file coords.txt (compact mmCIF, C-alpha atoms)
# COMPACT_ATOMS: atom_id res chain seq x y z
CA MET M 84 -24.94 25.33 -21.55
CA ARG M 85 -25.38 23.58 -24.91
CA HIS M 86 -28.43 21.78 -23.50
CA VAL M 87 -29.95 25.13 -22.45
CA ARG M 88 -29.41 26.65 -25.93
CA CYS M 89 -30.97 23.61 -27.63
CA LEU M 90 -33.96 23.71 -25.31
CA GLY M 91 -34.46 27.44 -26.05
CA ALA M 92 -34.29 26.88 -29.84
CA ALA M 93 -36.83 24.06 -29.66
CA LEU M 94 -39.28 26.21 -27.67
CA LEU M 95 -38.86 29.06 -30.18
CA ALA M 96 -39.62 26.72 -33.11
CA LEU M 97 -42.75 25.45 -31.39
CA SER M 98 -43.90 29.05 -30.76
CA LEU M 99 -43.44 30.05 -34.41
CA ALA M 100 -45.35 26.98 -35.61
CA ALA M 101 -48.25 27.87 -33.30
CA CYS M 102 -48.40 31.43 -34.72
CA ALA M 103 -48.86 30.12 -38.27
CA SER M 104 -51.71 27.74 -37.39
CA ALA M 105 -53.70 29.64 -34.75
CA PRO M 106 -54.89 33.23 -34.27
CA GLU M 107 -53.19 33.50 -30.92
CA PRO M 108 -49.69 32.32 -30.12
CA ALA M 109 -49.39 29.35 -27.84
CA GLN M 110 -47.60 30.02 -24.64
CA PRO M 111 -44.76 27.56 -24.13
CA GLU M 112 -44.81 25.67 -20.89
CA PRO M 113 -42.14 26.76 -18.50
CA ALA M 114 -39.08 24.56 -18.55
CA PRO M 115 -38.94 22.22 -15.56
CA ARG M 116 -36.72 23.44 -12.77
CA PRO M 117 -33.60 21.38 -12.24
CA PRO M 118 -33.65 19.40 -9.03
CA GLU M 119 -32.14 21.23 -6.14
CA LEU M 120 -28.75 19.90 -5.16
CA GLY M 121 -28.33 19.01 -1.53
CA PRO M 122 -25.09 19.29 0.42
CA PRO M 123 -22.28 17.01 -0.77
CA ALA M 124 -22.00 13.63 0.88
CA PRO M 125 -19.58 13.74 3.79
CA THR M 126 -16.11 12.37 3.07
CA PRO M 127 -15.19 9.48 5.37
CA PRO M 128 -12.39 10.35 7.78
CA SER M 129 -8.93 9.43 6.51
CA GLY M 130 -8.60 6.92 9.34
CA GLN M 131 -11.70 5.11 8.13
CA LEU M 132 -10.35 4.97 4.58
CA LEU M 133 -7.00 3.73 5.88
CA SER M 134 -8.68 0.79 7.61
CA GLU M 135 -10.12 -0.48 4.33
CA GLN M 136 -8.30 -2.71 1.86
CA GLY M 137 -5.90 -0.74 -0.32
CA PRO M 138 -5.02 -0.91 -4.02
CA TYR M 139 -2.00 -3.21 -3.75
CA LEU M 140 -1.94 -6.58 -5.53
CA PRO M 141 1.11 -8.80 -4.81
CA ASP M 142 3.40 -9.78 -7.67
CA ALA M 143 3.36 -13.50 -8.48
CA VAL M 144 7.16 -13.72 -8.73
CA LEU M 145 10.20 -12.07 -7.16
CA ASN M 146 13.44 -11.64 -9.08
CA VAL M 147 16.90 -11.28 -7.59
CA CYS M 148 18.59 -8.02 -8.60
CA ASN M 149 21.33 -8.21 -11.19
CA MET M 150 24.07 -7.36 -8.72
CA SER M 151 26.00 -8.87 -5.85
CA VAL M 152 23.30 -10.01 -3.40
CA SER M 153 24.13 -11.07 0.14
CA ASN M 154 22.26 -14.12 1.42
CA ARG M 155 21.11 -14.78 -2.12
CA PRO M 156 18.28 -17.34 -2.20
CA ALA M 157 18.04 -20.12 -4.74
CA THR M 158 16.76 -18.95 -8.13
CA ASP M 159 15.62 -20.51 -11.38
CA ALA M 160 17.27 -20.01 -14.77
CA GLU M 161 15.53 -16.63 -15.18
CA GLY M 162 16.67 -15.25 -11.83
CA ARG M 163 13.36 -15.71 -10.03
CA VAL M 164 13.38 -16.73 -6.38
CA SER M 165 12.62 -20.45 -6.23
CA GLY M 166 9.47 -21.34 -4.34
CA PHE M 167 8.47 -17.71 -3.88
CA ALA M 168 4.98 -17.30 -2.45
CA PRO M 169 3.29 -13.89 -2.84
CA LEU M 170 1.30 -14.50 0.36
CA ILE M 171 2.69 -16.23 3.43
CA VAL M 172 1.21 -17.54 6.68
CA VAL M 173 2.99 -16.55 9.90
CA ASN M 174 2.40 -18.38 13.18
CA ASN M 175 -0.17 -20.58 11.41
CA GLU M 176 -2.64 -17.70 11.52
CA VAL M 177 -1.60 -14.36 10.01
CA VAL M 178 -1.56 -13.93 6.22
CA LEU M 179 0.96 -11.37 4.93
CA ALA M 180 2.48 -10.25 1.65
CA ALA M 181 6.01 -11.63 1.33
CA ALA M 182 7.27 -8.59 -0.61
CA PRO M 183 4.89 -5.62 -0.09
CA THR M 184 5.76 -3.58 -3.17
CA ASN M 185 5.55 -4.06 -6.94
CA ALA M 186 8.05 -4.54 -9.78
CA ALA M 187 10.91 -4.88 -7.30
CA CYS M 188 13.91 -7.18 -7.09
CA LEU M 189 15.65 -8.65 -4.04
CA SER M 190 18.90 -6.81 -3.33
CA SER M 191 19.75 -8.46 0.02
CA GLY M 192 18.36 -11.48 1.82
CA PHE M 193 17.84 -12.31 5.47
CA GLY M 194 20.85 -13.48 7.51
CA LEU M 195 24.37 -12.53 8.53
CA ARG M 196 25.81 -9.63 6.57
CA ASN M 197 29.16 -8.03 7.35
CA GLY M 198 29.21 -9.86 10.68
CA ARG M 199 25.77 -8.64 11.78
CA LEU M 200 22.29 -10.05 11.39
CA HIS M 201 20.37 -8.45 8.54
CA LYS M 202 16.91 -8.70 10.10
CA GLY M 203 14.84 -8.52 6.95
CA ILE M 204 14.98 -8.45 3.17
CA ASP M 205 15.84 -5.51 0.94
CA LEU M 206 13.77 -4.73 -2.15
CA GLN M 207 14.64 -2.26 -4.91
CA SER M 208 12.80 -0.84 -7.90
CA ARG M 209 13.43 1.97 -10.37
CA PRO M 210 11.75 4.36 -10.13
CA ALA M 211 11.29 4.06 -6.39
CA GLY M 212 8.17 2.01 -5.76
CA MET M 213 5.33 2.54 -3.35
CA VAL M 214 5.43 0.41 -0.19
CA PHE M 215 2.19 -1.12 1.09
CA SER M 216 0.97 -2.65 4.34
CA ALA M 217 1.58 -6.40 4.18
CA GLY M 218 -1.61 -7.20 6.08
CA PRO M 219 -4.39 -5.63 8.15
CA GLY M 220 -3.53 -4.52 11.66
CA ILE M 221 -2.81 -1.64 14.01
CA ILE M 222 -0.02 0.88 13.43
CA ARG M 223 2.36 0.81 16.41
CA GLU M 224 5.20 3.04 15.20
CA VAL M 225 5.49 5.87 12.67
CA ASP M 226 8.77 7.60 13.36
CA VAL M 227 12.41 8.10 12.52
CA ARG M 228 14.79 5.53 14.00
CA ARG M 229 18.55 5.39 13.95
CA GLY M 230 19.61 3.11 11.14
CA TYR M 231 16.07 2.58 9.87
CA GLY M 232 15.28 6.20 8.98
CA ASN M 233 11.57 6.73 8.31
CA GLN M 234 9.94 3.50 9.47
CA VAL M 235 6.50 2.06 10.15
CA LEU M 236 5.69 -0.88 12.42
CA ILE M 237 2.34 -2.68 12.16
CA GLU M 238 0.92 -5.24 14.59
CA HIS M 239 -1.16 -7.93 12.87
CA GLY M 240 -2.28 -9.99 15.87
CA ALA M 241 -1.16 -13.43 17.08
CA GLY M 242 2.20 -11.96 18.02
CA VAL M 243 3.06 -10.97 14.44
CA PHE M 244 4.49 -7.58 13.36
CA THR M 245 5.97 -6.09 10.19
CA ARG M 246 8.46 -3.25 9.79
CA TYR M 247 9.01 -1.02 6.74
CA ALA M 248 12.21 1.06 6.83
CA HIS M 249 14.13 3.68 4.80
CA LEU M 250 10.90 5.23 3.47
CA GLU M 251 11.34 8.50 1.60
CA ALA M 252 8.39 10.00 3.51
CA PHE M 253 5.18 8.90 5.19
CA GLU M 254 1.85 8.82 3.40
CA PRO M 255 -0.79 11.16 4.92
CA GLY M 256 -3.01 9.70 7.61
CA LEU M 257 -0.55 7.27 9.18
CA ALA M 258 -0.80 7.51 12.96
CA VAL M 259 0.08 5.35 15.94
CA GLY M 260 -2.97 3.39 17.08
CA ALA M 261 -4.81 3.68 13.75
CA ALA M 262 -6.28 0.61 12.11
CA ILE M 263 -4.92 -0.17 8.67
CA GLY M 264 -6.11 -2.57 5.99
CA PHE M 265 -4.17 -4.84 3.69
CA GLY M 266 -2.37 -3.09 0.83
CA GLN M 267 -2.60 0.52 2.03
CA PRO M 268 0.20 2.88 0.87
CA LEU M 269 2.80 3.68 3.53
CA GLY M 270 5.32 5.71 1.51
CA ARG M 271 7.82 5.30 -1.27
CA MET M 272 11.15 3.54 -1.02
CA GLY M 273 13.86 5.91 0.09
CA ARG M 274 17.36 6.07 1.51
CA THR M 275 16.69 7.57 4.94
CA GLY M 276 18.68 6.20 7.86
CA SER M 277 21.73 4.01 7.24
CA SER M 278 21.18 3.32 3.57
CA THR M 279 23.45 3.64 0.56
CA ALA M 280 20.74 3.17 -2.06
CA ILE M 281 17.01 3.72 -2.44
CA HIS M 282 15.21 0.59 -1.26
CA LEU M 283 12.73 -0.94 1.19
CA HIS M 284 13.98 -2.86 4.21
CA TYR M 285 11.14 -5.21 5.18
CA GLU M 286 10.97 -7.26 8.37
CA VAL M 287 8.59 -9.92 9.67
CA LEU M 288 8.78 -10.04 13.47
CA THR M 289 7.18 -12.23 16.13
CA GLY M 290 6.79 -12.09 19.89
CA ALA M 291 5.70 -9.33 22.27
CA MET M 292 6.86 -5.75 22.58
CA GLY M 293 8.68 -5.18 25.87
CA ALA M 294 10.82 -2.55 27.53
CA ARG M 295 12.75 -2.00 24.29
CA GLY M 296 9.58 -1.77 22.23
CA SER M 297 9.81 -3.42 18.83
CA PHE M 298 13.45 -4.33 19.42
CA ASP M 299 12.30 -7.08 21.79
CA LEU M 300 10.65 -8.82 18.82
CA GLU M 301 12.26 -11.76 17.02
CA PRO M 302 13.07 -11.22 13.32
CA SER M 303 12.54 -13.95 10.75
CA ASP M 304 13.07 -14.42 7.02
CA PRO M 305 9.85 -13.40 5.21
CA LEU M 306 10.71 -15.90 2.46
CA SER M 307 10.94 -18.80 4.92
CA TRP M 308 7.29 -18.87 5.98
CA PRO M 309 4.84 -21.30 4.30
CA ALA M 310 2.72 -20.15 1.39
CA TYR M 311 -0.88 -19.17 1.94
CA SER M 312 -3.33 -21.54 0.23
CA THR M 313 -6.93 -20.68 -0.60
CA SER M 314 -7.85 -24.21 0.48
CA GLY M 315 -6.94 -23.32 4.06
CA VAL M 316 -4.02 -22.25 6.18
call {"tool": "encode", "arguments": {"input": "coords.txt", "output": "structure tokens"}}
result
Amino acid sequence: MRHVRCLGAALLALSLAACASAPEPAQPEPAPRPPELGPPAPTPPSGQLLSEQGPYLPDAVLNVCNMSVSNRPATDAEGRVSGFAPLIVVNNEVVLAAAPTNAACLSSGFGLRNGRLHKGIDLQSRPAGMVFSAGPGIIREVDVRRGYGNQVLIEHGAGVFTRYAHLEAFEPGLAVGAAIGFGQPLGRMGRTGSSTAIHLHYEVLTGAMGARGSFDLEPSDPLSWPAYSTSGV
């Protein structure tokens, strides 16, 4: 609007100057018409956006929470997990994030806990952090499971899967069969299912889904896989 007023004032000044120097007033040229706006560019379908790489960048270090931690890994003097690799290589082929969230600490490691196998690692942050896909793949499960609560399972190829459990809620657009890129938001840490505190339960699984679905897969410690190197896997 300011541009329109300035343009009008300038044309008026030119008109008055013409009246003082010529017997007949000069007619100002009509202002150029603004270009016509076409229809807005179509928005890519949410599924297409989901298949692209997301905003997540892995943290370089992982601290152990300042609490009693079952299956506590070795740490340095500052409480950082020794030998932590932000990116790991599973089955010599699939690159994944070892801890797919930010500013979190390890509250429980992989292994026996209270007489049962804890099939993944637990990560906490305050406030509750966003959880991201650890690698590109195909979503195989988006549902509520006993114990796990709101959980997502992603297949990454080469017999490698990841599970994300206890989510507060699911991010829009997640659907079984949809392609998903690395670092796409899945939902925030929550305490759905059998959980006494807000956290992410993260599993790295290998094998093939059978009659019991993802429960036929073999769990492994995400922190036990070799580090990804840019010089080759």
call {"tool": "closest_residue", "arguments": {"input": "coords.txt", "among": "M:Arg199, M:Arg229, M:His239, M:Arg155", "to": "Leu288 in chain M", "atoms": "only C-alpha atoms"}}
result
M:His239
call {"tool": "residues_around", "arguments": {"input": "coords.txt", "residues": "Ile222 in chain M", "least_positions_apart": "3", "cutoff": "8 Å", "atoms": "only C-alpha atoms", "output": "PDB file with C-alpha atoms, keeping the file's coordinate frame"}}
result
ATOM      1  CA  VAL M 225       5.490   5.870  12.670  1.00  0.00           C
ATOM      2  CA  VAL M 235       6.500   2.060  10.150  1.00  0.00           C
ATOM      3  CA  LEU M 236       5.690  -0.880  12.420  1.00  0.00           C
ATOM      4  CA  ILE M 237       2.340  -2.680  12.160  1.00  0.00           C
ATOM      5  CA  GLU M 238       0.920  -5.240  14.590  1.00  0.00           C
ATOM      6  CA  LEU M 257      -0.550   7.270   9.180  1.00  0.00           C
ATOM      7  CA  ALA M 258      -0.800   7.510  12.960  1.00  0.00           C
ATOM      8  CA  VAL M 259       0.080   5.350  15.940  1.00  0.00           C
ATOM      9  CA  GLY M 260      -2.970   3.390  17.080  1.00  0.00           C
ATOM     10  CA  ALA M 261      -4.810   3.680  13.750  1.00  0.00           C
ATOM     11  CA  ALA M 262      -6.280   0.610  12.110  1.00  0.00           C
ATOM     12  CA  ILE M 263      -4.920  -0.170   8.670  1.00  0.00           C
TER      13      ILE M 263
END
call {"tool": "residues_near_point", "arguments": {"input": "coords.txt", "point": "(16.1, 4.2, 2.7)", "cutoff": "8 Å", "atoms": "only C-alpha atoms", "output": "count of residues only"}}
result
20
call {"tool": "closest_atom_pairs", "arguments": {"input": "coords.txt", "of": "range 180-262 of chain M", "to": "range 290-303 of chain M", "cutoff": "8 Å", "atoms": "all atoms listed in the file", "output": "CSV"}}
result
residue,atom,partner,partner_atom,distance
M:Phe193,CA,M:Ser303,CA,7.7
M:Lys202,CA,M:Pro302,CA,5.6
M:Gly203,CA,M:Ser303,CA,7.0
M:Gly242,CA,M:Gly290,CA,5.0
M:Val243,CA,M:Gly290,CA,6.7
call {"tool": "atom_distance", "arguments": {"input": "coords.txt", "atom1": "CA of Tyr247 in chain M", "atom2": "CA of Asn175 in chain M"}}
result
22.1 Å
call {"tool": "closest_residue", "arguments": {"input": "coords.txt", "among": "M:Pro210, M:Pro141, M:Pro219, M:Gly192", "to": "Pro169 in chain M", "atoms": "all atoms listed in the file"}}
result
M:Pro141
call {"tool": "atom_distance", "arguments": {"input": "coords.txt", "atom1": "CA of Gly240 in chain M", "atom2": "CA of Gly166 in chain M"}}
result
26.0 Å
call {"tool": "atom_distance", "arguments": {"input": "coords.txt", "atom1": "CA of Val172 in chain M", "atom2": "CA of Leu140 in chain M"}}
result
16.7 Å
call {"tool": "closest_residue", "arguments": {"input": "coords.txt", "among": "M:Asn154, M:Gln136, M:Asn185, M:Ser208", "to": "Leu306 in chain M", "atoms": "only C-alpha atoms"}}
result
M:Asn154
call {"tool": "decode", "arguments": {"input": "coords.txt", "residues": "range 214-315 of chain M", "atoms": "C-alpha atoms", "output": "PDB file, in the first residue's frame"}}
result
ATOM      1  CA  VAL M 214      12.091 -39.143  17.921  1.00  0.00           C
ATOM      2  CA  PHE M 215      13.348 -39.542  14.352  1.00  0.00           C
ATOM      3  CA  SER M 216      13.685 -42.384  11.858  1.00  0.00           C
ATOM      4  CA  ALA M 217      17.147 -43.905  12.254  1.00  0.00           C
ATOM      5  CA  GLY M 218      17.495 -44.567   8.534  1.00  0.00           C
ATOM      6  CA  PRO M 219      15.554 -44.639   5.264  1.00  0.00           C
ATOM      7  CA  GLY M 220      13.148 -47.506   4.737  1.00  0.00           C
ATOM      8  CA  ILE M 221       9.542 -48.669   4.634  1.00  0.00           C
ATOM      9  CA  ILE M 222       7.160 -48.312   7.577  1.00  0.00           C
ATOM     10  CA  ARG M 223       5.882 -51.762   8.576  1.00  0.00           C
ATOM     11  CA  GLU M 224       3.987 -51.001  11.788  1.00  0.00           C
ATOM     12  CA  VAL M 225       2.281 -47.915  13.221  1.00  0.00           C
ATOM     13  CA  ASP M 226       0.107 -49.107  16.063  1.00  0.00           C
ATOM     14  CA  VAL M 227      -0.410 -49.624  19.762  1.00  0.00           C
ATOM     15  CA  ARG M 228       1.183 -52.756  21.209  1.00  0.00           C
ATOM     16  CA  ARG M 229       0.953 -54.221  24.663  1.00  0.00           C
ATOM     17  CA  GLY M 230       3.998 -53.132  26.606  1.00  0.00           C
ATOM     18  CA  TYR M 231       5.305 -50.892  23.832  1.00  0.00           C
ATOM     19  CA  GLY M 232       2.374 -48.474  23.676  1.00  0.00           C
ATOM     20  CA  ASN M 233       2.500 -46.272  20.573  1.00  0.00           C
ATOM     21  CA  GLN M 234       5.217 -47.839  18.427  1.00  0.00           C
ATOM     22  CA  VAL M 235       6.637 -47.624  14.915  1.00  0.00           C
ATOM     23  CA  LEU M 236       8.583 -50.337  13.100  1.00  0.00           C
ATOM     24  CA  ILE M 237      10.677 -49.502  10.020  1.00  0.00           C
ATOM     25  CA  GLU M 238      12.283 -51.968   7.613  1.00  0.00           C
ATOM     26  CA  HIS M 239      15.608 -50.734   6.220  1.00  0.00           C
ATOM     27  CA  GLY M 240      16.513 -53.606   3.890  1.00  0.00           C
ATOM     28  CA  ALA M 241      19.137 -56.357   4.232  1.00  0.00           C
ATOM     29  CA  GLY M 242      17.094 -57.889   7.033  1.00  0.00           C
ATOM     30  CA  VAL M 243      17.418 -54.833   9.295  1.00  0.00           C
ATOM     31  CA  PHE M 244      14.549 -53.194  11.228  1.00  0.00           C
ATOM     32  CA  THR M 245      14.198 -50.536  13.930  1.00  0.00           C
ATOM     33  CA  ARG M 246      11.473 -50.089  16.540  1.00  0.00           C
ATOM     34  CA  TYR M 247      10.489 -46.890  18.381  1.00  0.00           C
ATOM     35  CA  ALA M 248       8.222 -47.420  21.400  1.00  0.00           C
ATOM     36  CA  HIS M 249       6.357 -45.469  24.124  1.00  0.00           C
ATOM     37  CA  LEU M 250       5.737 -42.514  21.777  1.00  0.00           C
ATOM     38  CA  GLU M 251       3.369 -39.871  23.113  1.00  0.00           C
ATOM     39  CA  ALA M 252       1.568 -39.761  19.744  1.00  0.00           C
ATOM     40  CA  PHE M 253       2.283 -40.356  16.068  1.00  0.00           C
ATOM     41  CA  GLU M 254       3.351 -37.595  13.717  1.00  0.00           C
ATOM     42  CA  PRO M 255       0.884 -36.963  10.845  1.00  0.00           C
ATOM     43  CA  GLY M 256       1.458 -38.916   7.656  1.00  0.00           C
ATOM     44  CA  LEU M 257       2.884 -42.113   9.144  1.00  0.00           C
ATOM     45  CA  ALA M 258       1.285 -45.108   7.441  1.00  0.00           C
ATOM     46  CA  VAL M 259       2.089 -48.764   6.941  1.00  0.00           C
ATOM     47  CA  GLY M 260       3.778 -49.279   3.576  1.00  0.00           C
ATOM     48  CA  ALA M 261       4.922 -45.665   3.227  1.00  0.00           C
ATOM     49  CA  ALA M 262       8.516 -44.880   2.334  1.00  0.00           C
ATOM     50  CA  ILE M 263      10.373 -42.807   4.898  1.00  0.00           C
ATOM     51  CA  GLY M 264      13.701 -41.008   4.721  1.00  0.00           C
ATOM     52  CA  PHE M 265      16.451 -40.683   7.276  1.00  0.00           C
ATOM     53  CA  GLY M 266      15.721 -38.310  10.160  1.00  0.00           C
ATOM     54  CA  GLN M 267      11.966 -37.860   9.692  1.00  0.00           C
ATOM     55  CA  PRO M 268       9.941 -37.074  12.855  1.00  0.00           C
ATOM     56  CA  LEU M 269       7.953 -40.011  14.237  1.00  0.00           C
ATOM     57  CA  GLY M 270       6.580 -38.524  17.461  1.00  0.00           C
ATOM     58  CA  ARG M 271       7.736 -37.301  20.829  1.00  0.00           C
ATOM     59  CA  MET M 272       8.942 -39.471  23.675  1.00  0.00           C
ATOM     60  CA  GLY M 273       6.069 -40.560  25.868  1.00  0.00           C
ATOM     61  CA  ARG M 274       5.053 -43.049  28.525  1.00  0.00           C
ATOM     62  CA  THR M 275       2.465 -45.102  26.643  1.00  0.00           C
ATOM     63  CA  GLY M 276       2.450 -48.845  27.237  1.00  0.00           C
ATOM     64  CA  SER M 277       4.397 -50.328  30.148  1.00  0.00           C
ATOM     65  CA  SER M 278       6.446 -47.296  31.051  1.00  0.00           C
ATOM     66  CA  THR M 279       7.036 -45.523  34.340  1.00  0.00           C
ATOM     67  CA  ALA M 280       8.712 -42.447  32.857  1.00  0.00           C
ATOM     68  CA  ILE M 281       8.716 -40.474  29.620  1.00  0.00           C
ATOM     69  CA  HIS M 282      11.349 -41.959  27.323  1.00  0.00           C
ATOM     70  CA  LEU M 283      12.100 -43.637  23.991  1.00  0.00           C
ATOM     71  CA  HIS M 284      12.637 -47.386  23.824  1.00  0.00           C
ATOM     72  CA  TYR M 285      14.729 -47.995  20.696  1.00  0.00           C
ATOM     73  CA  GLU M 286      15.455 -51.388  19.161  1.00  0.00           C
ATOM     74  CA  VAL M 287      17.662 -52.569  16.305  1.00  0.00           C
ATOM     75  CA  LEU M 288      16.347 -55.882  14.968  1.00  0.00           C
ATOM     76  CA  THR M 289      17.547 -58.325  12.322  1.00  0.00           C
ATOM     77  CA  GLY M 290      16.064 -61.287  10.489  1.00  0.00           C
ATOM     78  CA  ALA M 291      12.749 -61.817   8.716  1.00  0.00           C
ATOM     79  CA  MET M 292       9.211 -61.173   9.872  1.00  0.00           C
ATOM     80  CA  GLY M 293       7.286 -64.427  10.272  1.00  0.00           C
ATOM     81  CA  ALA M 294       4.027 -65.661  11.740  1.00  0.00           C
ATOM     82  CA  ARG M 295       4.525 -63.471  14.818  1.00  0.00           C
ATOM     83  CA  GLY M 296       5.392 -60.425  12.741  1.00  0.00           C
ATOM     84  CA  SER M 297       8.155 -58.283  14.198  1.00  0.00           C
ATOM     85  CA  PHE M 298       8.412 -60.533  17.244  1.00  0.00           C
ATOM     86  CA  ASP M 299      10.191 -63.116  15.089  1.00  0.00           C
ATOM     87  CA  LEU M 300      13.064 -60.638  14.649  1.00  0.00           C
ATOM     88  CA  GLU M 301      16.282 -60.864  16.663  1.00  0.00           C
ATOM     89  CA  PRO M 302      17.067 -57.864  18.898  1.00  0.00           C
ATOM     90  CA  SER M 303      20.600 -56.527  19.262  1.00  0.00           C
ATOM     91  CA  ASP M 304      22.356 -53.774  21.187  1.00  0.00           C
ATOM     92  CA  PRO M 305      22.408 -50.619  19.014  1.00  0.00           C
ATOM     93  CA  LEU M 306      25.652 -49.586  20.736  1.00  0.00           C
ATOM     94  CA  SER M 307      27.396 -52.843  19.802  1.00  0.00           C
ATOM     95  CA  TRP M 308      27.429 -52.353  16.033  1.00  0.00           C
ATOM     96  CA  PRO M 309      30.541 -50.907  14.305  1.00  0.00           C
ATOM     97  CA  ALA M 310      30.764 -47.211  13.582  1.00  0.00           C
ATOM     98  CA  TYR M 311      30.018 -45.904  10.121  1.00  0.00           C
ATOM     99  CA  SER M 312      33.074 -44.419   8.409  1.00  0.00           C
ATOM    100  CA  THR M 313      32.946 -42.001   5.485  1.00  0.00           C
ATOM    101  CA  SER M 314      35.902 -43.890   4.015  1.00  0.00           C
ATOM    102  CA  GLY M 315      33.669 -46.914   3.483  1.00  0.00           C
TER     103      GLY M 315
END
